[in-house]
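**Student:** File name query_2.cif; file contents mmCIF, C-alpha atoms; full text below.
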```cif
data_entry
loop_
_atom_site.label_atom_id
_atom_site.label_comp_id
_atom_site.auth_asym_id
_atom_site.auth_seq_id
_atom_site.Cartn_x
_atom_site.Cartn_y
_atom_site.Cartn_z
CA MET W 262 76.19 101.60 146.24
CA ALA W 263 76.87 98.61 143.96
CA PHE W 264 79.69 96.23 144.84
CA SER W 265 81.56 97.14 141.65
CA GLU W 266 81.54 100.74 142.85
CA LEU W 267 83.00 99.62 146.16
CA LEU W 268 85.86 97.94 144.30
CA ASP W 269 86.53 101.14 142.40
CA LEU W 270 86.45 103.01 145.71
CA VAL W 271 89.23 100.92 147.28
CA GLY W 272 91.24 100.89 144.04
CA GLY W 273 90.49 98.62 141.11
CA LEU W 274 94.07 98.71 139.81
CA GLY W 275 96.75 99.86 142.22
CA ARG W 276 99.68 98.73 144.34
CA PHE W 277 97.71 95.85 145.84
CA GLN W 278 96.86 94.31 142.46
CA VAL W 279 100.46 94.77 141.26
CA LEU W 280 101.82 93.00 144.35
CA GLN W 281 99.36 90.13 143.90
CA THR W 282 100.36 89.71 140.26
CA VAL W 283 104.10 89.80 140.98
CA THR W 284 103.72 87.24 143.77
CA LEU W 285 101.94 84.84 141.44
CA MET W 286 104.38 85.43 138.56
CA VAL W 287 107.47 84.69 140.67
CA SER W 288 106.08 81.39 141.94
CA LEU W 289 104.79 80.33 138.51
CA MET W 290 108.15 81.03 136.86
CA TRP W 291 109.88 78.60 139.21
CA VAL W 292 107.25 75.91 138.67
CA VAL W 293 107.47 76.12 134.87
CA THR W 294 111.27 76.10 134.96
CA GLN W 295 111.26 73.00 137.15
CA ASN W 296 108.83 71.22 134.83
CA MET W 297 110.83 71.89 131.66
CA LEU W 298 114.17 71.09 133.32
CA GLU W 299 113.47 67.39 132.90
CA ASN W 300 114.05 67.68 129.16
CA PHE W 301 117.71 68.19 129.99
CA SER W 302 118.23 66.39 133.29
CA ALA W 303 116.57 63.25 131.87
CA ALA W 304 117.75 63.56 128.26
CA VAL W 305 118.54 60.31 126.41
CA PRO W 306 121.88 60.64 124.58
CA SER W 307 122.88 58.40 121.68
CA HIS W 308 124.08 55.05 122.98
CA ARG W 309 125.16 51.56 121.99
CA CYS W 310 126.07 48.31 123.70
CA TRP W 311 129.47 47.97 125.30
CA ALA W 312 131.54 45.81 122.94
CA PRO W 313 135.04 44.37 123.58
CA LEU W 314 136.51 45.33 120.18
CA LEU W 315 135.34 48.90 120.64
CA ASP W 316 135.82 49.50 124.35
CA ASP W 317 138.40 47.00 125.63
CA SER W 318 142.01 47.83 124.77
CA THR W 319 143.12 44.25 125.46
CA ALA W 320 140.72 42.86 122.87
CA GLN W 321 141.76 45.52 120.39
CA ALA W 322 145.40 44.56 120.83
CA GLY W 323 144.65 41.02 119.68
CA ILE W 324 143.43 42.14 116.25
CA SER W 325 145.86 41.61 113.41
CA GLY W 326 146.06 44.50 110.99
CA GLU W 327 144.70 47.99 111.16
CA LEU W 328 140.93 48.39 111.19
CA SER W 329 139.06 51.70 111.33
CA PRO W 330 136.61 52.43 114.15
CA GLU W 331 133.80 52.19 111.58
CA ALA W 332 134.88 48.66 110.66
CA LEU W 333 135.08 47.57 114.30
CA LEU W 334 131.61 49.04 114.87
CA ALA W 335 130.21 47.14 111.87
CA VAL W 336 131.43 43.74 113.12
CA SER W 337 130.40 44.39 116.75
CA ILE W 338 127.00 46.14 116.57
CA PRO W 339 124.18 45.09 114.21
CA PRO W 340 122.39 47.73 112.17
CA GLY W 341 119.17 49.07 113.64
CA PRO W 342 116.39 51.27 112.23
CA ASN W 343 117.45 53.44 109.30
CA GLN W 344 120.63 51.33 109.06
CA ARG W 345 122.14 53.10 112.05
CA PRO W 346 123.96 51.09 114.74
CA HIS W 347 121.50 49.30 116.98
CA GLN W 348 121.22 50.88 120.42
CA CYS W 349 120.06 47.83 122.33
CA ARG W 350 121.70 44.76 120.70
CA ARG W 351 125.23 43.54 119.94
CA PHE W 352 126.76 40.50 118.22
CA HIS W 353 127.74 37.46 120.30
CA GLN W 354 130.97 37.26 118.36
CA PRO W 355 132.55 39.66 115.84
CA GLN W 356 130.95 39.14 112.42
CA TRP W 357 134.09 39.45 110.28
CA GLN W 358 132.19 38.45 107.13
CA LEU W 359 130.47 41.82 107.21
CA LEU W 360 133.76 43.44 106.15
CA ASP W 361 133.34 41.78 102.76
CA PRO W 362 132.14 44.46 100.30
CA ASN W 363 129.66 41.91 98.90
CA ALA W 364 128.10 41.19 102.32
CA THR W 365 124.32 41.61 102.56
CA ALA W 366 121.71 41.68 105.31
CA SER W 367 121.42 37.90 105.04
CA SER W 368 125.02 37.55 106.23
CA TRP W 369 123.78 37.52 109.84
CA SER W 370 120.58 36.70 111.73
CA GLU W 371 118.89 37.79 114.94
CA ALA W 372 120.24 34.64 116.58
CA ASP W 373 123.74 36.11 116.26
CA THR W 374 122.83 39.01 118.59
CA GLU W 375 122.24 39.47 122.30
CA PRO W 376 121.11 42.27 124.65
CA CYS W 377 123.58 44.72 126.16
CA VAL W 378 124.59 42.41 129.00
CA ASP W 379 127.71 44.45 129.79
CA GLY W 380 126.02 47.83 129.81
CA TRP W 381 126.01 50.76 127.41
CA VAL W 382 128.37 53.39 126.07
CA TYR W 383 126.83 56.89 125.85
CA ASP W 384 127.65 59.82 123.64
CA ARG W 385 128.69 62.46 126.20
CA SER W 386 129.48 65.23 123.73
CA THR W 387 126.25 67.10 124.60
CA PHE W 388 125.22 65.75 128.01
CA THR W 389 128.04 64.63 130.27
CA SER W 390 125.58 63.00 132.66
CA THR W 391 121.79 62.65 132.95
CA ILE W 392 119.38 60.59 135.00
CA VAL W 393 119.14 58.18 132.07
CA THR W 394 122.90 57.56 131.87
CA LYS W 395 123.17 57.34 135.64
CA TRP W 396 120.58 54.58 135.98
CA ASP W 397 120.75 53.09 132.44
CA LEU W 398 117.10 53.89 131.67
CA VAL W 399 117.33 52.76 128.05
CA CYS W 400 116.22 49.80 125.94
CA ASP W 401 114.11 47.45 128.10
CA SER W 402 114.05 50.10 130.85
CA HIS W 403 112.89 52.93 128.57
CA ALA W 404 109.35 52.71 129.99
CA LEU W 405 110.63 53.85 133.37
CA LYS W 406 111.18 57.42 132.16
CA PRO W 407 107.55 58.28 131.30
CA MET W 408 106.43 56.44 134.41
CA ALA W 409 108.82 58.51 136.52
CA GLN W 410 107.52 61.69 134.88
CA SER W 411 103.93 60.71 135.70
CA ILE W 412 104.88 60.02 139.32
CA TYR W 413 106.61 63.41 139.49
CA LEU W 414 103.51 65.19 138.16
CA ALA W 415 101.31 63.21 140.56
CA GLY W 416 103.55 64.47 143.36
CA ILE W 417 102.89 68.04 142.25
CA LEU W 418 99.14 67.36 142.39
CA VAL W 419 99.37 65.92 145.92
CA GLY W 420 101.65 68.75 147.01
CA ALA W 421 99.26 71.37 145.65
CA ALA W 422 96.36 69.83 147.55
CA ALA W 423 98.37 69.46 150.77
CA CYS W 424 100.31 72.73 150.77
CA GLY W 425 98.10 74.96 148.63
CA PRO W 426 96.02 76.38 151.52
CA ALA W 427 99.21 77.31 153.39
CA SER W 428 100.81 79.00 150.38
CA ASP W 429 97.66 80.98 149.55
CA ARG W 430 97.86 82.86 152.90
CA TRP W 431 100.52 85.69 150.89
CA LEU W 432 97.38 86.27 148.84
CA ALA W 433 93.98 88.00 149.68
CA GLU W 434 90.63 86.20 149.51
CA SER W 435 87.97 87.42 147.11
CA ALA W 436 85.76 89.92 148.95
CA ARG W 437 82.81 89.13 146.70
CA TRP W 438 83.15 85.41 147.40
CA LEU W 439 83.36 86.07 151.13
CA LEU W 440 80.10 88.00 150.93
CA THR W 441 78.33 85.30 148.93
CA THR W 442 79.32 82.79 151.61
CA GLY W 443 78.06 85.05 154.40
CA ARG W 444 81.45 86.14 155.82
CA LEU W 445 80.68 89.83 156.06
CA ASP W 446 83.30 90.75 158.68
CA GLN W 447 86.13 89.04 156.79
CA ALA W 448 85.05 90.68 153.53
CA LEU W 449 85.12 94.08 155.23
CA GLN W 450 88.60 93.35 156.58
CA GLU W 451 89.90 92.41 153.12
CA LEU W 452 88.44 95.52 151.48
CA ARG W 453 90.00 97.77 154.13
CA ARG W 454 93.32 96.01 153.63
CA VAL W 455 93.16 96.65 149.88
CA ALA W 456 92.27 100.30 150.49
CA ALA W 457 95.23 100.71 152.84
CA ILE W 458 97.74 99.19 150.42
CA ASN W 459 96.34 101.25 147.54
CA ARG W 460 96.64 104.39 149.72
CA LYS W 461 92.91 104.96 149.78
CA GLY W 462 92.70 105.69 153.49
CA ALA W 463 90.10 108.39 152.92
CA VAL W 464 87.45 105.76 152.14
CA TRP W 465 88.09 103.80 155.35
CA ASP W 466 85.08 105.28 157.15
CA SER W 467 82.84 104.54 154.15
CA LEU W 468 83.53 100.81 154.42
CA THR W 469 81.01 99.66 157.02
CA PRO W 470 79.04 96.44 157.41
CA GLU W 471 75.84 98.34 156.61
CA VAL W 472 77.25 99.57 153.29
CA LEU W 473 78.42 96.08 152.32
CA PHE W 474 75.14 94.52 153.33
CA SER W 475 73.06 96.96 151.34
CA ALA W 476 75.31 96.56 148.28
CA MET W 477 75.31 92.77 148.31
CA GLN W 478 71.91 91.68 149.66
CA GLU W 479 71.30 89.38 146.71
CA GLU W 480 74.73 87.75 147.03
CA LEU W 481 74.24 87.27 150.75
CA ARG W 482 70.85 85.68 150.16
CA VAL W 483 72.26 83.26 147.61
CA GLY W 484 75.23 82.63 149.85
CA GLN W 485 72.93 80.94 152.37
CA VAL W 486 72.04 78.32 149.72
CA PRO W 487 74.55 75.43 149.85
CA ALA W 488 76.79 75.56 146.79
CA SER W 489 79.23 72.70 146.39
CA LEU W 490 80.98 70.64 143.75
CA GLY W 491 77.80 68.65 143.22
CA THR W 492 75.92 71.83 142.34
CA LEU W 493 78.01 72.11 139.17
CA LEU W 494 76.60 68.81 137.95
CA ARG W 495 73.04 69.03 139.30
CA ILE W 496 71.97 72.28 137.66
CA PRO W 497 71.38 71.93 133.89
CA GLY W 498 72.75 75.39 133.07
CA LEU W 499 76.04 74.55 134.78
CA ARG W 500 76.40 70.88 133.87
CA LEU W 501 77.36 71.40 130.23
CA ARG W 502 79.70 74.25 131.10
CA THR W 503 81.40 72.15 133.76
CA CYS W 504 81.89 69.08 131.56
CA ILE W 505 83.28 70.94 128.54
CA SER W 506 85.42 73.32 130.58
CA THR W 507 86.89 70.36 132.48
CA LEU W 508 87.52 68.55 129.19
CA CYS W 509 89.44 71.57 127.84
CA TRP W 510 91.55 71.74 130.99
CA PHE W 511 92.26 68.01 130.70
CA ALA W 512 93.19 68.32 127.02
CA PHE W 513 95.67 71.09 127.79
CA GLY W 514 97.46 69.19 130.57
CA PHE W 515 97.36 65.87 128.72
CA THR W 516 98.74 67.19 125.44
CA PHE W 517 101.15 69.84 126.68
CA PHE W 518 102.97 67.73 129.24
CA GLY W 519 102.90 64.67 127.00
CA LEU W 520 104.79 66.62 124.34
CA ALA W 521 106.78 69.19 126.30
CA LEU W 522 108.45 66.60 128.54
CA ASP W 523 109.81 64.69 125.55
CA LEU W 524 111.25 67.33 123.23
CA GLN W 525 113.80 64.84 121.92
CA ALA W 526 110.99 63.09 120.06
CA LEU W 527 110.14 66.35 118.30
CA GLY W 528 113.59 67.48 117.15
CA SER W 529 117.27 66.62 117.30
CA ASN W 530 118.43 69.87 118.95
CA ILE W 531 116.43 70.24 122.14
CA PHE W 532 118.29 73.42 123.12
CA LEU W 533 117.16 75.16 119.93
CA LEU W 534 113.69 73.66 120.23
CA GLN W 535 113.26 74.84 123.81
CA THR W 536 114.42 78.33 122.83
CA LEU W 537 111.98 78.48 119.92
CA ILE W 538 109.11 77.32 122.13
CA GLY W 539 109.90 80.08 124.62
CA ILE W 540 110.13 82.68 121.85
CA VAL W 541 106.84 81.59 120.26
CA ASP W 542 105.03 81.37 123.59
CA ILE W 543 105.31 85.11 124.31
CA PRO W 544 103.60 86.40 121.14
CA ALA W 545 101.15 83.49 121.30
CA LYS W 546 99.89 84.55 124.72
CA THR W 547 99.94 88.24 123.82
CA GLY W 548 98.08 87.61 120.57
CA THR W 549 95.56 85.49 122.42
CA LEU W 550 94.64 88.41 124.66
CA LEU W 551 93.99 90.52 121.57
CA LEU W 552 91.90 87.78 119.97
CA LEU W 553 89.88 87.35 123.14
CA THR W 554 89.01 91.04 122.97
CA HIS W 555 88.19 91.27 119.26
CA LEU W 556 87.17 87.74 118.25
CA GLY W 557 85.57 86.45 121.42
CA ARG W 558 86.21 83.76 124.02
CA ARG W 559 84.57 80.76 122.41
CA PRO W 560 86.11 80.98 118.90
CA THR W 561 89.57 81.78 120.31
CA GLN W 562 89.44 78.81 122.68
CA ALA W 563 88.25 76.48 119.95
CA ALA W 564 90.78 77.76 117.39
CA SER W 565 93.74 77.38 119.75
CA LEU W 566 92.88 73.76 120.56
CA LEU W 567 92.19 72.93 116.91
CA LEU W 568 95.47 74.55 115.81
CA ALA W 569 97.44 72.53 118.35
CA GLY W 570 95.66 69.29 117.45
CA LEU W 571 96.01 69.71 113.69
CA CYS W 572 99.73 70.51 113.96
CA ILE W 573 100.27 67.39 116.05
CA LEU W 574 98.29 65.23 113.64
CA ALA W 575 100.22 66.69 110.70
CA ASN W 576 103.44 65.58 112.37
CA THR W 577 102.32 61.95 112.10
CA LEU W 578 102.54 62.29 108.30
CA VAL W 579 105.97 63.95 108.15
CA PRO W 580 108.95 61.62 107.54
CA GLN W 581 111.63 61.61 110.25
CA GLU W 582 114.18 62.79 107.68
CA MET W 583 112.35 66.15 107.49
CA GLY W 584 113.47 67.19 110.95
CA ALA W 585 113.07 70.93 110.38
CA LEU W 586 109.41 70.54 109.40
CA CYS W 587 108.74 68.27 112.39
CA SER W 588 110.27 70.84 114.73
CA ALA W 589 108.32 73.70 113.14
CA LEU W 590 104.99 71.87 113.52
CA ALA W 591 105.88 70.94 117.09
CA VAL W 592 106.69 74.55 118.02
CA LEU W 593 103.49 75.78 116.38
CA GLY W 594 101.42 73.12 118.16
CA LEU W 595 102.91 73.91 121.57
CA GLY W 596 102.34 77.60 120.85
CA GLY W 597 98.67 76.77 120.28
CA LEU W 598 98.59 74.98 123.63
CA GLY W 599 100.12 78.04 125.28
CA ALA W 600 97.32 80.11 123.78
CA THR W 601 94.83 77.53 125.05
CA TYR W 602 96.06 78.00 128.60
CA THR W 603 95.68 81.79 128.43
CA CYS W 604 92.21 81.36 126.96
CA ILE W 605 90.90 78.80 129.39
CA ILE W 606 92.05 80.74 132.45
CA ILE W 607 89.90 83.71 131.39
CA TYR W 608 87.03 81.82 129.78
CA SER W 609 86.40 79.31 132.56
CA GLY W 610 86.28 82.13 135.12
CA GLU W 611 83.56 83.90 133.12
CA LEU W 612 81.40 80.80 132.66
CA PHE W 613 80.56 80.26 136.33
CA PRO W 614 78.86 82.36 139.04
CA THR W 615 80.89 83.91 141.82
CA VAL W 616 79.71 81.46 144.46
CA LEU W 617 81.04 78.53 142.38
CA ARG W 618 83.72 80.19 140.24
CA MET W 619 86.80 79.04 142.16
CA THR W 620 85.30 75.60 142.71
CA ALA W 621 84.84 75.18 138.95
CA VAL W 622 88.28 76.57 138.13
CA GLY W 623 89.82 74.33 140.80
CA LEU W 624 88.05 71.31 139.30
CA GLY W 625 89.43 72.25 135.89
CA GLN W 626 92.95 72.59 137.22
CA MET W 627 92.64 69.20 138.89
CA ALA W 628 91.60 67.79 135.51
CA ALA W 629 94.65 69.44 133.92
CA ARG W 630 96.89 67.81 136.52
CA GLY W 631 95.23 64.47 135.88
CA GLY W 632 95.81 64.92 132.16
CA ALA W 633 99.44 65.83 132.85
CA ILE W 634 99.89 62.57 134.79
CA LEU W 635 98.43 60.48 131.97
CA GLY W 636 100.14 62.39 129.12
CA PRO W 637 103.67 60.94 129.48
CA LEU W 638 102.29 57.40 129.78
CA VAL W 639 100.85 57.63 126.25
CA ARG W 640 104.44 57.57 124.95
CA LEU W 641 104.57 53.90 125.94
CA LEU W 642 102.54 53.31 122.75
CA ASN W 643 105.76 53.99 120.83
CA VAL W 644 106.39 50.24 120.75
CA HIS W 645 103.43 49.93 118.34
CA GLY W 646 104.49 52.86 116.17
CA PRO W 647 106.14 56.27 116.72
CA TRP W 648 103.07 57.97 115.23
CA LEU W 649 100.57 56.50 117.70
CA PRO W 650 101.22 58.84 120.68
CA LEU W 651 100.99 61.88 118.38
CA LEU W 652 97.69 60.57 117.03
CA VAL W 653 96.26 60.32 120.56
CA TYR W 654 97.49 63.79 121.57
CA GLY W 655 96.16 65.35 118.38
CA MET W 656 92.72 63.73 118.54
CA VAL W 657 92.19 64.78 122.17
CA SER W 658 92.97 68.42 121.28
CA VAL W 659 90.79 68.42 118.17
CA LEU W 660 87.77 66.87 119.91
CA SER W 661 88.10 69.28 122.83
CA GLY W 662 88.25 72.22 120.42
CA LEU W 663 85.08 71.08 118.69
CA ALA W 664 83.33 70.58 122.05
CA THR W 665 84.17 74.18 122.98
CA LEU W 666 81.76 75.37 120.29
CA LEU W 667 78.90 74.12 122.50
CA LEU W 668 79.73 76.68 125.20
CA PRO W 669 78.09 80.13 125.34
CA GLU W 670 80.00 83.28 124.41
CA THR W 671 80.86 85.49 127.41
CA GLN W 672 82.55 88.45 125.72
CA ASN W 673 81.29 91.84 126.93
CA LEU W 674 78.86 90.19 129.36
CA PRO W 675 78.77 90.89 133.11
CA LEU W 676 80.16 88.13 135.29
CA PRO W 677 77.33 85.99 136.69
CA ASP W 678 77.18 86.55 140.45
CA THR W 679 74.55 83.94 141.27
CA ILE W 680 73.39 80.58 140.02
CA GLN W 681 70.16 82.26 139.01
CA ASP W 682 72.16 84.55 136.69
CA VAL W 683 73.47 81.50 134.82
CA GLN W 684 70.00 80.03 134.54
CA ASN W 685 68.65 83.35 133.29
CA GLN W 686 71.36 83.43 130.61
CA ALA W 687 70.37 79.93 129.48
CA VAL W 688 66.72 80.97 129.28
CA LYS W 689 67.57 84.05 127.24
CA VAL W 690 69.60 81.95 124.81
CA ALA W 691 66.65 79.62 124.31
CA THR W 692 64.19 82.53 124.03
CA HIS W 693 66.09 85.05 121.94
CA GLY W 694 68.65 82.86 120.24
CA THR W 695 71.48 85.33 120.76
CA LEU W 696 72.56 85.99 124.31
CA GLY W 697 74.63 89.02 123.41
CA ASN W 698 71.73 90.91 121.83
CA SER W 699 69.41 90.35 124.78
CA ILE W 700 71.99 91.51 127.29
CA LEU W 701 72.76 94.64 125.27
CA LYS W 702 69.08 95.55 125.07
CA SER W 703 68.65 95.06 128.79
CA THR W 704 71.69 97.22 129.50
CA ARG W 705 70.45 100.13 127.36
CA PHE W 706 67.06 99.97 129.06
#
```
Any chance you could give the structure as structure tokens?

**Tutor:**
Amino acid sequence: MAFSELLDLVGGLGRFQVLQTVTLMVSLMWVVTQNMLENFSAAVPSHRCWAPLLDDSTAQAGISGELSPEALLAVSIPPGPNQRPHQCRRFHQPQWQLLDPNATASSWSEADTEPCVDGWVYDRSTFTSTIVTKWDLVCDSHALKPMAQSIYLAGILVGAAACGPASDRWLAESARWLLTTGRLDQALQELRRVAAINRKGAVWDSLTPEVLFSAMQEELRVGQVPASLGTLLRIPGLRLRTCISTLCWFAFGFTFFGLALDLQALGSNIFLLQTLIGIVDIPAKTGTLLLLTHLGRRPTQAASLLLAGLCILANTLVPQEMGALCSALAVLGLGGLGATYTCIIIYSGELFPTVLRMTAVGLGQMAARGGAILGPLVRLLNVHGPWLPLLVYGMVSVLSGLATLLLPETQNLPLPDTIQDVQNQAVKVATHGTLGNSILKSTRF
């Protein structure tokens, strides 16, 4: 009896699989919510320097005549980019000459200004309080926000490594993996557990060590061969798959968290933007599953990364005044990254043999976490130009999408159980040119 037949015997899709899926979904929903919450808890509202004529009633009382708030703002705060009030500078003294209708930009100089030595005044019409307003993380301290985000994401990485084994105990171990590592008794225990939960008690007596051993002799034999992280890089057939798969994982974490944790840079209304991203993400992931079935793994993975990268690069060319177009491209790009995640979860699992599958996927997820840590730090390049971070994010996605084309297609192919299976696939590609045709011929025979 083949191992796949054993899985069908204990229930390939039943209560056990539903419970596993629900358990993962509940935990993932909380993690994603916590990650995106920072867009609101650390939002940066509009702000300006505290100025006596604007914020001190005593100073206002000493002004002769009636002046509008706009006039008091003009003589207290210098104009910044786009002729809006500067958010990080104020005048030493009120510049009354600026009230002259004939006043020009030469009526004052940078020497007439100073930093916000008395603090800032924030627009609290949308956010009454955020981390930024609490700790004044603006102007010269603006770099602290992306650094804090990177530290937060690094904490998630450390927490996953430290607490992951404990949390994975509500979840069952892969019976096939247990067999390939020589743990026959534990594999038998897991299969019987699945059968019990799926109400397949009638097959209990059929699940014996002898049956498992006869069904998985090849896996047990390979399981005696040491398979570690280094194996992924030593064997030629796995080295390319490992490098490109890890690059795709890195590109996803780097680009997604770099953009998604700073929605204010992509649109003025972050509430609307967050809603649109959530709405687009559902059909993007659903459509990706359909494309994976009909188009294939490799082209879908490449297309999703290229779509995300090209949308981000296009945003570098859009003027800030065209806010609606910037938001639309941002939503489309993040939708492409959502599709990338769905793709890479499935594709990376099919690229590697059972004995190394979770090691390779774990390495990829570590790369995604590393990319997530570095992603927010790229926003520090804003001081050299607001387009520079978008250029970096876009180029990483585009290059990763192009590198995906070097991977083999795995659609409609059996999962490789052993390292030898991967090597055989590589040989067949070199010999026959098309892996899919050779596999189909072998199957019919």

**Student:** Carefully work through the PyMOL selection byres ((chain W and resi 596) around 7) for this structure and note down the residues it includes, as a VMD selection string.

**Tutor:** chain W and resid 538 541 to 542 545 592 to 595 597 to 600

**Student:** I need the residue nearest Phe352 in chain W from this list: W:Ser329, W:Glu299, W:Thr536, W:Trp311. Use only C-alpha atoms for the distance.

**Tutor:**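 With only C-alpha atoms as the atom set, the closest residue is W:Trp311.
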
**Student:** For a test of reading the model, state the distance in Å between CA of Ile605 in chain W and CA of Trp510 in chain W, rounded to one decimal.

**Tutor:**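 Between CA of Ile605 in chain W and CA of Trp510 in chain W the gap is 7.3 Å.
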
**Student:** Evaluate the PyMOL selection byres ((chain W and resi 451-466) around 12) and record the selected residues as a count of residues only, following the chain and residue labels used in the document.

**Tutor:** 39

**Student:** Using the chain letters and numbers from the file, which residues does the PyMOL selection byres ((chain W and resi 412) around 12) grab, as a list in words?

**Tutor:**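 Evaluating the PyMOL selection byres ((chain W and resi 412) around 12) on this file yields Leu405, Lys406, Pro407, Met408, Ala409, Gln410, Ser411, Tyr413, Leu414, Ala415, Gly416, Ile417, Leu418, Val419, Arg630, Gly631, Ala633, Ile634, Leu635, Gly636, Pro637 and Leu638 of chain W.
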
**Student:** In the coordinate frame of the file, compute which residues have an atom within 10 Å of (106.8, 65.7, 115.4) when using all atoms listed in the file, and state them as JSON, numbers by chain.

**Tutor:** {"W": [520, 524, 525, 526, 527, 528, 572, 573, 574, 575, 576, 577, 578, 579, 580, 581, 583, 584, 585, 586, 587, 588, 589, 590, 591, 592, 594, 647, 648, 651]}

**Student:** Kindly extract all protein, DNA and RNA residues lying within 6 Å of the coordinates (83.5, 70.2, 125.1) given in the file, considering all atoms listed in the file, and supply them as a ChimeraX atom specification.

**Tutor:** /W:505,508,661,664-665

**Student:** Suppose you want the space between CA of Ile543 in chain W and CA of Arg502 in chain W; what is it in Å?

**Tutor:**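 Answer for the CA of Ile543 in chain W to CA of Arg502 in chain W separation: 28.6 Å.
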
**Student:** Quick one, how far is CA of Pro650 in chain W from CA of Gly632 in chain W?

**Tutor:**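 Spanning CA of Pro650 in chain W to CA of Gly632 in chain W is a straight-line distance of 14.1 Å.
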